[in-house]
Amino acid sequence: METTAISKPHFGKPVLGIETSCDETGVALLRWEPDAPGKGLLSHTLYSQIKLHADYGGVVPELASRDHVRKLLPLVREALAEAGLTPTDLGGVAYTAGPGLVGALLVGASAARAMAWALGVPAIGVHHMEGHLLAPLLEEDPPKPPFVALLVSGGHSMLVEVKGIGEYRILGDTLDDAAGEAFDKTAKLMGLPYPGGPALAKLAEQGRPGVFRFSRPMTDRPGLDFSFSGLKTQVLLAWQQSDQSEQTRADIARAFEEAIVDTMLIKCRRALQASGAKRLVIAGGVGANKRLRAELAAAGEKDGFKAYFPRLAFCTDNGAMIALAGAIRLAHGQQQDESVQVFPRWDLETLPPAI
Ligand code: KG4
Ligand code: ZN
């Protein structure tokens, strides 16, 4: 996406962040505080469309767009009220411009662009995965580049080398299903309700160790790419050939979670070694997984790297991460022109550095 030089810096004023790329409407207000970004977070609100899509077993794009239309402005009002601000206090507006569902993205982009135009402030389109990647900066003791980021969400499984903000090199990507997608599809085939990922993770807590074992895909050869779709087939076979009891379902869930977490751990270690980085950032919806967090934190203590995670609410989609990524870019003099543009597919490596 082209960015143009800013006409009027936002002088440390609050930035409104809007996330509408999928099935969550997220809104936040944040004032850019370079040394402690989390201190600049003034308010954040979220509306999840889970109930709307549950009957269909997955996200229905047209329903998602329509619901963003209904919820976005009330959430903006709520976030402003919570922060004790009015629209005229804003210094800029940031919105998710991609990747994501085109209709859903257009709702956030048009509303953000219209507000920015009416208020005479700059607007900036944010890359959703950059938002995820920067979310750990909202916590205490924020990670400083260079670091390696494991970005694991419903749509992505990536290992990214981060030299600076906007300086991203993809070290590994998924060849088929993303990690979250693998969780969701596996949960569905064992009859768990949508959204399956968190439900499967919860069930795995009741599972007994060692009853089932699945492979760690693509760990027996060099490289940092992921492939999770074969794992799903292994689970399907195990489930179909089992007694399909509650305990068996939990045992399979546990073995599946262990296989995914172990695979990610192996690849993270490789990526850290290859890049020489001593910091690992974990972000995206699957970053909320307890076993993943525990295993990576323990590996860090053992191997001598530090693992950084966002709080659980900022692992999954939210407005705070978009406000943060946007505020950083606005503070570095970047903004979009006045057209409404979204990018359902958008390569993270094409972003300009924020310098
Ligand atoms: O980042 P996110 O909210 O949305 C996307 O950008 O895709 O990620 C959602 C994904 C879903 O696939 C969901 O099942 C998964 O994150 N997820 C989890 C957990 N919480 C959310 N997967 C495993 N364990 C969890 N605790
Ligand atoms: Zn996401």
# chains A, B, ... in the order shown; residues from 1 in each chain; ligands from 1
>>> select_by_dssp(residues="range 80-160 of chain A", states="strand (DSSP E or B)", output="PyMOL selection string")
chain A and resi 92-98+123-127+147-152+157-160
>>> residues_around(residues="Phe228 in chain A", least_positions_apart="3", cutoff="9 Å", atoms="only C-alpha atoms", output="PyMOL selection string")
chain A and resi 174-179+181-182+216-217+231-232+260
>>> closest_residue(among="A:Gly155, A:Pro143, A:Gly125, A:Gly103", to="ligand 2", atoms="only C-alpha atoms and all ligand atoms")
A:Gly155
>>> residues_around(residues="Leu296 in chain A", least_positions_apart="5", cutoff="12 Å", atoms="only C-alpha atoms", output="list of chain:residue names")
A:Leu150, A:Val261, A:Asp262, A:Thr263, A:Met264, A:Leu265, A:Ile266, A:Lys267, A:Cys268, A:Arg269, A:Arg279, A:Leu280, A:Val281, A:Ile282, A:Gly287, A:Asn289, A:Lys290, A:Arg291, A:Glu301, A:Lys302, A:Asp303, A:Gly304, A:Phe305, A:Lys306, A:Ala307, A:Tyr308, A:Phe309
>>> write_last_selection(atoms="N, CA, C and O atoms", output="compact mmCIF listing (two decimals), in the first residue's frame")
# COMPACT_ATOMS: atom_id res chain seq x y z
N LEU A 150 6.51 -15.41 16.22
CA LEU A 150 5.67 -16.52 15.80
C LEU A 150 4.26 -15.98 15.73
O LEU A 150 3.66 -15.63 16.74
N VAL A 261 1.93 -27.88 19.35
CA VAL A 261 2.79 -27.05 20.20
C VAL A 261 4.26 -27.48 20.04
O VAL A 261 5.16 -26.65 19.90
N ASP A 262 4.47 -28.78 20.02
CA ASP A 262 5.82 -29.31 19.87
C ASP A 262 6.44 -28.88 18.53
O ASP A 262 7.60 -28.48 18.45
N THR A 263 5.62 -28.96 17.47
CA THR A 263 6.08 -28.56 16.14
C THR A 263 6.48 -27.08 16.14
O THR A 263 7.53 -26.70 15.63
N MET A 264 5.66 -26.26 16.75
CA MET A 264 5.97 -24.82 16.79
C MET A 264 7.22 -24.55 17.60
O MET A 264 8.04 -23.71 17.24
N LEU A 265 7.36 -25.29 18.70
CA LEU A 265 8.54 -25.12 19.55
C LEU A 265 9.83 -25.45 18.77
O LEU A 265 10.80 -24.68 18.80
N ILE A 266 9.80 -26.56 18.05
CA ILE A 266 10.97 -26.97 17.26
C ILE A 266 11.32 -25.89 16.23
O ILE A 266 12.47 -25.49 16.09
N LYS A 267 10.29 -25.37 15.56
CA LYS A 267 10.53 -24.37 14.50
C LYS A 267 10.97 -23.02 15.09
O LYS A 267 11.79 -22.33 14.51
N CYS A 268 10.43 -22.68 16.26
CA CYS A 268 10.85 -21.42 16.91
C CYS A 268 12.33 -21.49 17.29
O CYS A 268 13.08 -20.54 17.09
N ARG A 269 12.73 -22.64 17.84
CA ARG A 269 14.14 -22.82 18.22
C ARG A 269 15.03 -22.66 16.99
O ARG A 269 16.05 -21.98 17.03
N ARG A 279 15.22 -12.83 21.45
CA ARG A 279 13.85 -12.53 21.88
C ARG A 279 12.86 -13.18 20.91
O ARG A 279 13.05 -13.14 19.69
N LEU A 280 11.81 -13.77 21.49
CA LEU A 280 10.76 -14.41 20.68
C LEU A 280 9.42 -13.79 21.08
O LEU A 280 9.07 -13.76 22.25
N VAL A 281 8.71 -13.29 20.06
CA VAL A 281 7.39 -12.73 20.29
C VAL A 281 6.36 -13.73 19.79
O VAL A 281 6.52 -14.27 18.70
N ILE A 282 5.34 -14.00 20.59
CA ILE A 282 4.29 -14.92 20.16
C ILE A 282 3.00 -14.12 20.10
O ILE A 282 2.64 -13.44 21.06
N GLY A 287 -1.83 -17.82 20.06
CA GLY A 287 -0.94 -17.38 21.14
C GLY A 287 -1.65 -17.38 22.50
O GLY A 287 -1.00 -17.27 23.54
N ASN A 289 -3.13 -19.95 23.53
CA ASN A 289 -3.11 -21.35 23.98
C ASN A 289 -2.16 -21.52 25.17
O ASN A 289 -0.97 -21.21 25.10
N LYS A 290 -2.70 -22.08 26.25
CA LYS A 290 -1.93 -22.18 27.51
C LYS A 290 -0.71 -23.06 27.36
O LYS A 290 0.36 -22.75 27.88
N ARG A 291 -0.88 -24.22 26.69
CA ARG A 291 0.26 -25.13 26.55
C ARG A 291 1.37 -24.47 25.74
O ARG A 291 2.55 -24.57 26.09
N GLU A 301 13.69 -20.22 29.08
CA GLU A 301 14.55 -20.30 30.28
C GLU A 301 15.69 -21.27 30.07
O GLU A 301 16.81 -21.04 30.49
N LYS A 302 15.39 -22.37 29.39
CA LYS A 302 16.38 -23.41 29.16
C LYS A 302 17.43 -22.94 28.14
O LYS A 302 18.63 -23.11 28.35
N ASP A 303 16.96 -22.35 27.03
CA ASP A 303 17.86 -22.03 25.92
C ASP A 303 18.47 -20.63 26.03
O ASP A 303 19.34 -20.27 25.24
N GLY A 304 17.94 -19.78 26.92
CA GLY A 304 18.48 -18.44 27.06
C GLY A 304 17.87 -17.41 26.11
O GLY A 304 18.52 -16.46 25.70
N PHE A 305 16.60 -17.60 25.73
CA PHE A 305 15.89 -16.51 25.03
C PHE A 305 14.70 -16.09 25.87
O PHE A 305 14.28 -16.82 26.76
N LYS A 306 14.18 -14.89 25.59
CA LYS A 306 13.03 -14.43 26.35
C LYS A 306 11.79 -14.47 25.46
O LYS A 306 11.83 -14.04 24.31
N ALA A 307 10.72 -15.04 26.00
CA ALA A 307 9.46 -15.14 25.24
C ALA A 307 8.51 -14.03 25.69
O ALA A 307 8.32 -13.81 26.89
N TYR A 308 7.95 -13.31 24.74
CA TYR A 308 7.02 -12.21 25.01
C TYR A 308 5.64 -12.55 24.45
O TYR A 308 5.52 -12.90 23.27
N PHE A 309 4.62 -12.42 25.28
CA PHE A 309 3.26 -12.68 24.82
C PHE A 309 2.38 -11.47 25.12
O PHE A 309 2.55 -10.84 26.15
>>> residues_near_ligand(ligand="ligand 2", cutoff="8 Å", atoms="only C-alpha atoms and all ligand atoms", output="VMD selection string")
chain A and resid 21 to 22 128 to 129 132 153 to 155 284 to 285 315 to 318
>>> residues_around(residues="Leu119 in chain A", least_positions_apart="6", cutoff="12 Å", atoms="only C-alpha atoms", output="PyMOL selection string")
chain A and resi 16+86-93+112-113
>>> closest_residue(among="A:Glu78, A:Asp220, A:Glu161, A:Glu205", to="ligand 1", atoms="only C-alpha atoms and all ligand atoms")
A:Glu205
>>> residues_around(residues="Ala54 in chain A", least_positions_apart="3", cutoff="9 Å", atoms="only C-alpha atoms", output="PyMOL selection string")
chain A and resi 49-51+57-59+193-195
>>> residues_around(residues="Pro61 in chain A", least_positions_apart="3", cutoff="12 Å", atoms="only C-alpha atoms", output="list of chain:residue names")
A:Thr20, A:Ser21, A:Cys22, A:Asp23, A:Glu24, A:Gln49, A:Leu52, A:His53, A:Tyr56, A:Gly58, A:Ala64, A:Ser65, A:Arg66, A:Asp67, A:His68, A:Gly100, A:Leu101, A:Val102, A:Gly103, A:Ala104, A:Leu105, A:Leu106
>>> write_last_selection(atoms="C-alpha atoms", output="PDB file, in the first residue's frame")
ATOM      1  CA  THR A  20     -13.110  -5.289  11.366  1.00  0.00           C
ATOM      2  CA  SER A  21     -11.165  -7.846   9.323  1.00  0.00           C
ATOM      3  CA  CYS A  22     -13.149 -10.928  10.340  1.00  0.00           C
ATOM      4  CA  ASP A  23     -15.730 -11.708  13.024  1.00  0.00           C
ATOM      5  CA  GLU A  24     -14.732  -9.278  15.750  1.00  0.00           C
ATOM      6  CA  GLN A  49     -19.836 -12.172  16.432  1.00  0.00           C
ATOM      7  CA  LEU A  52     -24.053 -14.941  14.894  1.00  0.00           C
ATOM      8  CA  HIS A  53     -21.920 -17.483  13.027  1.00  0.00           C
ATOM      9  CA  TYR A  56     -23.263 -22.106  10.360  1.00  0.00           C
ATOM     10  CA  GLY A  58     -17.919 -20.910  10.596  1.00  0.00           C
ATOM     11  CA  ALA A  64     -19.967 -10.456   9.306  1.00  0.00           C
ATOM     12  CA  SER A  65     -19.950  -7.249   7.201  1.00  0.00           C
ATOM     13  CA  ARG A  66     -23.524  -6.381   8.122  1.00  0.00           C
ATOM     14  CA  ASP A  67     -22.855  -6.876  11.807  1.00  0.00           C
ATOM     15  CA  HIS A  68     -19.763  -4.647  11.686  1.00  0.00           C
ATOM     16  CA  GLY A 100      -9.132 -10.244   5.762  1.00  0.00           C
ATOM     17  CA  LEU A 101     -12.683 -10.504   4.410  1.00  0.00           C
ATOM     18  CA  VAL A 102     -13.183  -7.796   1.815  1.00  0.00           C
ATOM     19  CA  GLY A 103     -16.665  -6.669   2.908  1.00  0.00           C
ATOM     20  CA  ALA A 104     -15.730  -6.659   6.580  1.00  0.00           C
ATOM     21  CA  LEU A 105     -12.571  -4.666   5.884  1.00  0.00           C
ATOM     22  CA  LEU A 106     -14.524  -2.134   3.806  1.00  0.00           C
TER      23      LEU A 106
END
